Amino acid sequence: MACKLTWSPLLTILLLAGMAGISRAGNIAVYWGQNGNEGTLADACNSGLYAYVMVSFLSTFGNGQAPAINLAGHCDPPSGNCNVFISNITTCQSKGVKVLLSLGGAGGSYGLSSIEDAQSVAAYLWDNFLGGSSPSRPLGDAVLDGVDFDIETGNPAHFDELATFLSLYSVLGKKVYLTAAPQCPYPDASLGPALRTGLFDEVWVQFYNNPQCEYPGGDLQGAWNTWTSSVHVSGGFYLGVPASTAAAGSGYISPADLTSAVLPGVKAASNYGGIMVWNRYNDVQNSYSSQVKDSV
């Protein structure tokens, strides 16, 4: 004789408790914009591999400088032809991919001299890339989803205030997502105070070019545990990896090692979000994300 299951609040609680023990699938974030041979922004989003694409980089800003975006061979910002990416950006967003403007990078000329400078840069970003308006929007009228902090100068001054000012624009309508890419040694020399604001949605920690916290010679798991337990994010932490041996000076993890040796320990963190891949060009060359996506 068949048993009839009567639904009850107790069964709901038990079901939810069981679901809480299931690790959620992670996402992949990628940096795009530093190699003209990596394909278009729309190509990256149409691949189905990524949840976040960071357009890199706004490499000149602050200290009274005129802000400037550097997209390698993709377009020439001074000529105004970077607005060709309007349709690319909207294509990405229609597929649920968030498109962010990345600030900084390993080169460039950037920094913040005061709280007023931070406020001025925030206003520039809002008017030229986010929900504001300006006659000279470098990427056209498309509204990006947020701002990524890839600050690598070693000078953290006023980036916490920049994050605060940017977050305030969310009350005007569309949420401004904030993400960051600190180096794996904790705390990060450039982003420590900014990350302590607790305003960031996702943090992709760079586990490369830092031998002390790389796999296999350094303590990757220990550094990961420190990051995930020390900094509050509203979303998750991502393991930043090079997409090929050519993408970074050190820290490359083969797809096989990533899936079998590294991710099991990394995914134990309750705030695990996925992996970040540097960068799209090397990802295309090595098919890195496509090899690991099902395990992320």
# chains A, B, ... in the order shown; residues from 1 in each chain; ligands from 1
>>> select_by_dssp(residues="range 30-159 of chain A", states="alpha helix (DSSP H)", output="VMD selection string")
chain A and resid 41 to 46 86 to 94 115 to 129 159
>>> residues_around(residues="Ala29 in chain A", least_positions_apart="3", cutoff="12 Å", atoms="only C-alpha atoms", output="PyMOL selection string")
chain A and resi 26+32+44-45+48-55+97-100+148+179-181+202-205+236-243+273-280+283+289+293+296
>>> atom_distance(atom1="CA of Val231 in chain A", atom2="CA of Pro187 in chain A")
9.6 Å
>>> residues_around(residues="range 153-164 of chain A", least_positions_apart="2", cutoff="6 Å", atoms="only C-alpha atoms", output="PyMOL selection string")
chain A and resi 112+118+166-167+189-191+193-194
>>> write_last_selection(atoms="N, CA, C and O atoms", output="PDB file, in the first residue's frame")
ATOM      1  N   LEU A 112      45.093  58.283  -6.075  1.00  0.00           N
ATOM      2  CA  LEU A 112      44.154  59.263  -5.536  1.00  0.00           C
ATOM      3  C   LEU A 112      44.872  60.098  -4.479  1.00  0.00           C
ATOM      4  O   LEU A 112      45.499  59.553  -3.571  1.00  0.00           O
ATOM      5  N   ALA A 118      38.985  61.374  -4.844  1.00  0.00           N
ATOM      6  CA  ALA A 118      38.194  60.149  -4.919  1.00  0.00           C
ATOM      7  C   ALA A 118      36.762  60.454  -5.355  1.00  0.00           C
ATOM      8  O   ALA A 118      36.177  59.744  -6.185  1.00  0.00           O
ATOM      9  N   LEU A 166      31.266  55.396  -4.937  1.00  0.00           N
ATOM     10  CA  LEU A 166      30.645  54.621  -6.009  1.00  0.00           C
ATOM     11  C   LEU A 166      29.412  53.867  -5.510  1.00  0.00           C
ATOM     12  O   LEU A 166      28.391  53.788  -6.202  1.00  0.00           O
ATOM     13  N   SER A 167      29.525  53.325  -4.303  1.00  0.00           N
ATOM     14  CA  SER A 167      28.394  52.557  -3.767  1.00  0.00           C
ATOM     15  C   SER A 167      27.165  53.433  -3.564  1.00  0.00           C
ATOM     16  O   SER A 167      26.029  52.963  -3.662  1.00  0.00           O
ATOM     17  N   ALA A 189      48.531  45.178  -0.156  1.00  0.00           N
ATOM     18  CA  ALA A 189      49.142  46.486   0.069  1.00  0.00           C
ATOM     19  C   ALA A 189      48.361  47.621  -0.576  1.00  0.00           C
ATOM     20  O   ALA A 189      48.359  48.748  -0.071  1.00  0.00           O
ATOM     21  N   SER A 190      47.693  47.332  -1.681  1.00  0.00           N
ATOM     22  CA  SER A 190      46.994  48.388  -2.412  1.00  0.00           C
ATOM     23  C   SER A 190      45.514  48.495  -2.080  1.00  0.00           C
ATOM     24  O   SER A 190      44.921  49.569  -2.220  1.00  0.00           O
ATOM     25  N   LEU A 191      44.904  47.387  -1.668  1.00  0.00           N
ATOM     26  CA  LEU A 191      43.452  47.353  -1.517  1.00  0.00           C
ATOM     27  C   LEU A 191      42.972  47.042  -0.100  1.00  0.00           C
ATOM     28  O   LEU A 191      41.762  46.947   0.122  1.00  0.00           O
ATOM     29  N   PRO A 193      42.619  48.743   2.861  1.00  0.00           N
ATOM     30  CA  PRO A 193      41.582  49.602   3.447  1.00  0.00           C
ATOM     31  C   PRO A 193      40.275  49.584   2.655  1.00  0.00           C
ATOM     32  O   PRO A 193      39.190  49.620   3.243  1.00  0.00           O
ATOM     33  N   ALA A 194      40.355  49.527   1.332  1.00  0.00           N
ATOM     34  CA  ALA A 194      39.132  49.498   0.525  1.00  0.00           C
ATOM     35  C   ALA A 194      38.314  48.251   0.827  1.00  0.00           C
ATOM     36  O   ALA A 194      37.088  48.309   0.992  1.00  0.00           O
TER      37      ALA A 194
END
>>> residues_around(residues="Leu178 in chain A", least_positions_apart="2", cutoff="6 Å", atoms="only C-alpha atoms", output="PyMOL selection string")
chain A and resi 146-148+200-201
>>> write_last_selection(atoms="all heavy atoms", output="mmCIF file, in the first residue's frame")
data_model
loop_
_atom_site.group_PDB
_atom_site.id
_atom_site.type_symbol
_atom_site.label_atom_id
_atom_site.label_comp_id
_atom_site.auth_asym_id
_atom_site.auth_seq_id
_atom_site.Cartn_x
_atom_site.Cartn_y
_atom_site.Cartn_z
ATOM 1 N N GLY A 146 29.239 47.867 -13.278
ATOM 2 C CA GLY A 146 29.984 48.237 -12.089
ATOM 3 C C GLY A 146 31.452 48.503 -12.375
ATOM 4 O O GLY A 146 31.859 48.665 -13.533
ATOM 5 N N VAL A 147 32.220 48.523 -11.297
ATOM 6 C CA VAL A 147 33.631 48.905 -11.365
ATOM 7 C C VAL A 147 34.471 47.874 -10.624
ATOM 8 O O VAL A 147 34.128 47.455 -9.504
ATOM 9 C CB VAL A 147 33.849 50.309 -10.748
ATOM 10 C CG1 VAL A 147 35.321 50.685 -10.765
ATOM 11 C CG2 VAL A 147 33.018 51.351 -11.502
ATOM 12 N N ASP A 148 35.563 47.477 -11.267
ATOM 13 C CA ASP A 148 36.516 46.534 -10.696
ATOM 14 C C ASP A 148 37.773 47.287 -10.273
ATOM 15 O O ASP A 148 38.272 48.138 -11.016
ATOM 16 C CB ASP A 148 36.862 45.469 -11.745
ATOM 17 C CG ASP A 148 37.961 44.529 -11.277
ATOM 18 O OD1 ASP A 148 37.733 43.800 -10.290
ATOM 19 O OD2 ASP A 148 39.043 44.512 -11.909
ATOM 20 N N PHE A 200 32.277 45.480 -1.163
ATOM 21 C CA PHE A 200 32.525 44.771 -2.423
ATOM 22 C C PHE A 200 31.626 43.546 -2.562
ATOM 23 O O PHE A 200 31.349 42.832 -1.599
ATOM 24 C CB PHE A 200 33.994 44.391 -2.535
ATOM 25 C CG PHE A 200 34.874 45.582 -2.814
ATOM 26 C CD1 PHE A 200 35.281 46.425 -1.791
ATOM 27 C CD2 PHE A 200 35.256 45.885 -4.112
ATOM 28 C CE1 PHE A 200 36.054 47.547 -2.054
ATOM 29 C CE2 PHE A 200 36.035 47.000 -4.386
ATOM 30 C CZ PHE A 200 36.430 47.829 -3.356
ATOM 31 N N ASP A 201 31.189 43.333 -3.801
ATOM 32 C CA ASP A 201 30.297 42.213 -4.093
ATOM 33 C C ASP A 201 31.072 40.926 -4.344
ATOM 34 O O ASP A 201 30.689 39.865 -3.845
ATOM 35 C CB ASP A 201 29.437 42.539 -5.320
ATOM 36 C CG ASP A 201 28.521 43.718 -5.057
ATOM 37 O OD1 ASP A 201 27.499 43.528 -4.385
ATOM 38 O OD2 ASP A 201 28.841 44.838 -5.503
#
>>> decode(residues="range 176-220 of chain A", atoms="N, CA and C atoms", output="PDB file, in the first residue's frame")
ATOM      1  N   VAL A 176      25.330  49.508  -8.597  1.00  0.00           N
ATOM      2  CA  VAL A 176      26.718  49.571  -9.059  1.00  0.00           C
ATOM      3  C   VAL A 176      27.501  48.455  -8.373  1.00  0.00           C
ATOM      4  N   TYR A 177      27.848  47.435  -9.117  1.00  0.00           N
ATOM      5  CA  TYR A 177      28.619  46.330  -8.560  1.00  0.00           C
ATOM      6  C   TYR A 177      30.070  46.760  -8.356  1.00  0.00           C
ATOM      7  N   LEU A 178      30.641  46.341  -7.240  1.00  0.00           N
ATOM      8  CA  LEU A 178      32.042  46.617  -6.940  1.00  0.00           C
ATOM      9  C   LEU A 178      32.776  45.292  -6.768  1.00  0.00           C
ATOM     10  N   THR A 179      33.873  45.151  -7.487  1.00  0.00           N
ATOM     11  CA  THR A 179      34.708  43.959  -7.373  1.00  0.00           C
ATOM     12  C   THR A 179      36.152  44.389  -7.216  1.00  0.00           C
ATOM     13  N   ALA A 180      37.016  43.449  -6.802  1.00  0.00           N
ATOM     14  CA  ALA A 180      38.416  43.792  -6.581  1.00  0.00           C
ATOM     15  C   ALA A 180      39.302  42.585  -6.848  1.00  0.00           C
ATOM     16  N   ALA A 181      40.553  42.876  -7.206  1.00  0.00           N
ATOM     17  CA  ALA A 181      41.515  41.816  -7.526  1.00  0.00           C
ATOM     18  C   ALA A 181      42.799  41.989  -6.723  1.00  0.00           C
ATOM     19  N   PRO A 182      42.753  41.723  -5.419  1.00  0.00           N
ATOM     20  CA  PRO A 182      43.966  41.844  -4.611  1.00  0.00           C
ATOM     21  C   PRO A 182      44.966  40.729  -4.910  1.00  0.00           C
ATOM     22  N   GLN A 183      46.215  40.960  -4.543  1.00  0.00           N
ATOM     23  CA  GLN A 183      47.238  39.916  -4.593  1.00  0.00           C
ATOM     24  C   GLN A 183      46.996  38.949  -3.436  1.00  0.00           C
ATOM     25  N   CYS A 184      47.494  37.714  -3.573  1.00  0.00           N
ATOM     26  CA  CYS A 184      47.180  36.712  -2.550  1.00  0.00           C
ATOM     27  C   CYS A 184      47.847  36.915  -1.188  1.00  0.00           C
ATOM     28  N   PRO A 185      49.020  37.580  -1.060  1.00  0.00           N
ATOM     29  CA  PRO A 185      49.505  37.837   0.303  1.00  0.00           C
ATOM     30  C   PRO A 185      48.543  38.756   1.044  1.00  0.00           C
ATOM     31  N   TYR A 186      48.163  38.343   2.252  1.00  0.00           N
ATOM     32  CA  TYR A 186      47.178  39.117   3.024  1.00  0.00           C
ATOM     33  C   TYR A 186      47.868  39.904   4.130  1.00  0.00           C
ATOM     34  N   PRO A 187      47.455  41.172   4.353  1.00  0.00           N
ATOM     35  CA  PRO A 187      46.487  41.963   3.598  1.00  0.00           C
ATOM     36  C   PRO A 187      47.124  42.559   2.349  1.00  0.00           C
ATOM     37  N   ASP A 188      46.316  42.912   1.377  1.00  0.00           N
ATOM     38  CA  ASP A 188      46.851  43.459   0.143  1.00  0.00           C
ATOM     39  C   ASP A 188      47.331  44.885   0.360  1.00  0.00           C
ATOM     40  N   ALA A 189      48.531  45.178  -0.156  1.00  0.00           N
ATOM     41  CA  ALA A 189      49.142  46.486   0.069  1.00  0.00           C
ATOM     42  C   ALA A 189      48.361  47.621  -0.576  1.00  0.00           C
ATOM     43  N   SER A 190      47.693  47.332  -1.681  1.00  0.00           N
ATOM     44  CA  SER A 190      46.994  48.388  -2.412  1.00  0.00           C
ATOM     45  C   SER A 190      45.514  48.495  -2.080  1.00  0.00           C
ATOM     46  N   LEU A 191      44.904  47.387  -1.668  1.00  0.00           N
ATOM     47  CA  LEU A 191      43.452  47.353  -1.517  1.00  0.00           C
ATOM     48  C   LEU A 191      42.972  47.042  -0.100  1.00  0.00           C
ATOM     49  N   GLY A 192      43.902  46.897   0.826  1.00  0.00           N
ATOM     50  CA  GLY A 192      43.513  46.538   2.188  1.00  0.00           C
ATOM     51  C   GLY A 192      42.424  47.413   2.785  1.00  0.00           C
ATOM     52  N   PRO A 193      42.619  48.743   2.861  1.00  0.00           N
ATOM     53  CA  PRO A 193      41.582  49.602   3.447  1.00  0.00           C
ATOM     54  C   PRO A 193      40.275  49.584   2.655  1.00  0.00           C
ATOM     55  N   ALA A 194      40.355  49.527   1.332  1.00  0.00           N
ATOM     56  CA  ALA A 194      39.132  49.498   0.525  1.00  0.00           C
ATOM     57  C   ALA A 194      38.314  48.251   0.827  1.00  0.00           C
ATOM     58  N   LEU A 195      38.984  47.111   0.931  1.00  0.00           N
ATOM     59  CA  LEU A 195      38.268  45.867   1.187  1.00  0.00           C
ATOM     60  C   LEU A 195      37.670  45.830   2.587  1.00  0.00           C
ATOM     61  N   ARG A 196      38.255  46.553   3.504  1.00  0.00           N
ATOM     62  CA  ARG A 196      37.709  46.587   4.865  1.00  0.00           C
ATOM     63  C   ARG A 196      36.394  47.353   4.952  1.00  0.00           C
ATOM     64  N   THR A 197      36.017  48.057   3.899  1.00  0.00           N
ATOM     65  CA  THR A 197      34.734  48.764   3.922  1.00  0.00           C
ATOM     66  C   THR A 197      33.558  47.787   3.886  1.00  0.00           C
ATOM     67  N   GLY A 198      33.791  46.567   3.404  1.00  0.00           N
ATOM     68  CA  GLY A 198      32.710  45.596   3.284  1.00  0.00           C
ATOM     69  C   GLY A 198      31.735  45.911   2.163  1.00  0.00           C
ATOM     70  N   LEU A 199      32.130  46.779   1.229  1.00  0.00           N
ATOM     71  CA  LEU A 199      31.223  47.225   0.174  1.00  0.00           C
ATOM     72  C   LEU A 199      31.324  46.402  -1.110  1.00  0.00           C
ATOM     73  N   PHE A 200      32.277  45.480  -1.163  1.00  0.00           N
ATOM     74  CA  PHE A 200      32.525  44.771  -2.423  1.00  0.00           C
ATOM     75  C   PHE A 200      31.626  43.546  -2.562  1.00  0.00           C
ATOM     76  N   ASP A 201      31.189  43.333  -3.801  1.00  0.00           N
ATOM     77  CA  ASP A 201      30.297  42.213  -4.093  1.00  0.00           C
ATOM     78  C   ASP A 201      31.072  40.926  -4.344  1.00  0.00           C
ATOM     79  N   GLU A 202      32.139  40.998  -5.121  1.00  0.00           N
ATOM     80  CA  GLU A 202      32.954  39.837  -5.448  1.00  0.00           C
ATOM     81  C   GLU A 202      34.420  40.235  -5.337  1.00  0.00           C
ATOM     82  N   VAL A 203      35.246  39.295  -4.883  1.00  0.00           N
ATOM     83  CA  VAL A 203      36.687  39.541  -4.797  1.00  0.00           C
ATOM     84  C   VAL A 203      37.412  38.379  -5.450  1.00  0.00           C
ATOM     85  N   TRP A 204      38.197  38.680  -6.493  1.00  0.00           N
ATOM     86  CA  TRP A 204      39.002  37.642  -7.145  1.00  0.00           C
ATOM     87  C   TRP A 204      40.464  37.840  -6.762  1.00  0.00           C
ATOM     88  N   VAL A 205      40.964  36.939  -5.953  1.00  0.00           N
ATOM     89  CA  VAL A 205      42.319  37.065  -5.407  1.00  0.00           C
ATOM     90  C   VAL A 205      43.319  36.476  -6.404  1.00  0.00           C
ATOM     91  N   GLN A 206      44.351  37.246  -6.709  1.00  0.00           N
ATOM     92  CA  GLN A 206      45.346  36.819  -7.698  1.00  0.00           C
ATOM     93  C   GLN A 206      46.342  35.843  -7.056  1.00  0.00           C
ATOM     94  N   PHE A 207      46.184  34.566  -7.371  1.00  0.00           N
ATOM     95  CA  PHE A 207      47.105  33.550  -6.863  1.00  0.00           C
ATOM     96  C   PHE A 207      48.178  33.249  -7.899  1.00  0.00           C
ATOM     97  N   TYR A 208      48.808  34.308  -8.392  1.00  0.00           N
ATOM     98  CA  TYR A 208      49.908  34.175  -9.350  1.00  0.00           C
ATOM     99  C   TYR A 208      50.831  35.376  -9.200  1.00  0.00           C
ATOM    100  N   ASN A 209      52.061  35.204  -9.671  1.00  0.00           N
ATOM    101  CA  ASN A 209      53.109  36.217  -9.495  1.00  0.00           C
ATOM    102  C   ASN A 209      53.389  36.505  -8.025  1.00  0.00           C
ATOM    103  N   ASN A 210      53.043  35.567  -7.163  1.00  0.00           N
ATOM    104  CA  ASN A 210      53.294  35.654  -5.718  1.00  0.00           C
ATOM    105  C   ASN A 210      53.649  34.252  -5.223  1.00  0.00           C
ATOM    106  N   PRO A 211      54.901  33.818  -5.365  1.00  0.00           N
ATOM    107  CA  PRO A 211      55.265  32.424  -5.087  1.00  0.00           C
ATOM    108  C   PRO A 211      54.875  31.927  -3.703  1.00  0.00           C
ATOM    109  N   GLN A 212      54.823  32.818  -2.705  1.00  0.00           N
ATOM    110  CA  GLN A 212      54.554  32.362  -1.345  1.00  0.00           C
ATOM    111  C   GLN A 212      53.141  31.821  -1.163  1.00  0.00           C
ATOM    112  N   CYS A 213      52.221  32.175  -2.068  1.00  0.00           N
ATOM    113  CA  CYS A 213      50.857  31.669  -1.931  1.00  0.00           C
ATOM    114  C   CYS A 213      50.346  31.043  -3.228  1.00  0.00           C
ATOM    115  N   GLU A 214      51.266  30.508  -3.995  1.00  0.00           N
ATOM    116  CA  GLU A 214      50.904  29.812  -5.223  1.00  0.00           C
ATOM    117  C   GLU A 214      50.900  28.304  -5.007  1.00  0.00           C
ATOM    118  N   TYR A 215      50.230  27.627  -5.918  1.00  0.00           N
ATOM    119  CA  TYR A 215      50.275  26.159  -5.958  1.00  0.00           C
ATOM    120  C   TYR A 215      51.343  25.758  -6.978  1.00  0.00           C
ATOM    121  N   PRO A 216      52.201  24.751  -6.693  1.00  0.00           N
ATOM    122  CA  PRO A 216      52.182  23.916  -5.496  1.00  0.00           C
ATOM    123  C   PRO A 216      53.199  24.311  -4.431  1.00  0.00           C
ATOM    124  N   GLY A 217      54.120  25.224  -4.766  1.00  0.00           N
ATOM    125  CA  GLY A 217      55.227  25.500  -3.851  1.00  0.00           C
ATOM    126  C   GLY A 217      54.883  26.349  -2.655  1.00  0.00           C
ATOM    127  N   GLY A 218      53.861  27.195  -2.774  1.00  0.00           N
ATOM    128  CA  GLY A 218      53.471  28.064  -1.666  1.00  0.00           C
ATOM    129  C   GLY A 218      52.243  27.551  -0.949  1.00  0.00           C
ATOM    130  N   ASP A 219      51.762  28.360  -0.023  1.00  0.00           N
ATOM    131  CA  ASP A 219      50.609  27.942   0.786  1.00  0.00           C
ATOM    132  C   ASP A 219      49.329  28.560   0.229  1.00  0.00           C
ATOM    133  N   LEU A 220      48.871  28.059  -0.894  1.00  0.00           N
ATOM    134  CA  LEU A 220      47.655  28.577  -1.513  1.00  0.00           C
ATOM    135  C   LEU A 220      46.453  28.386  -0.605  1.00  0.00           C
TER     136      LEU A 220
END
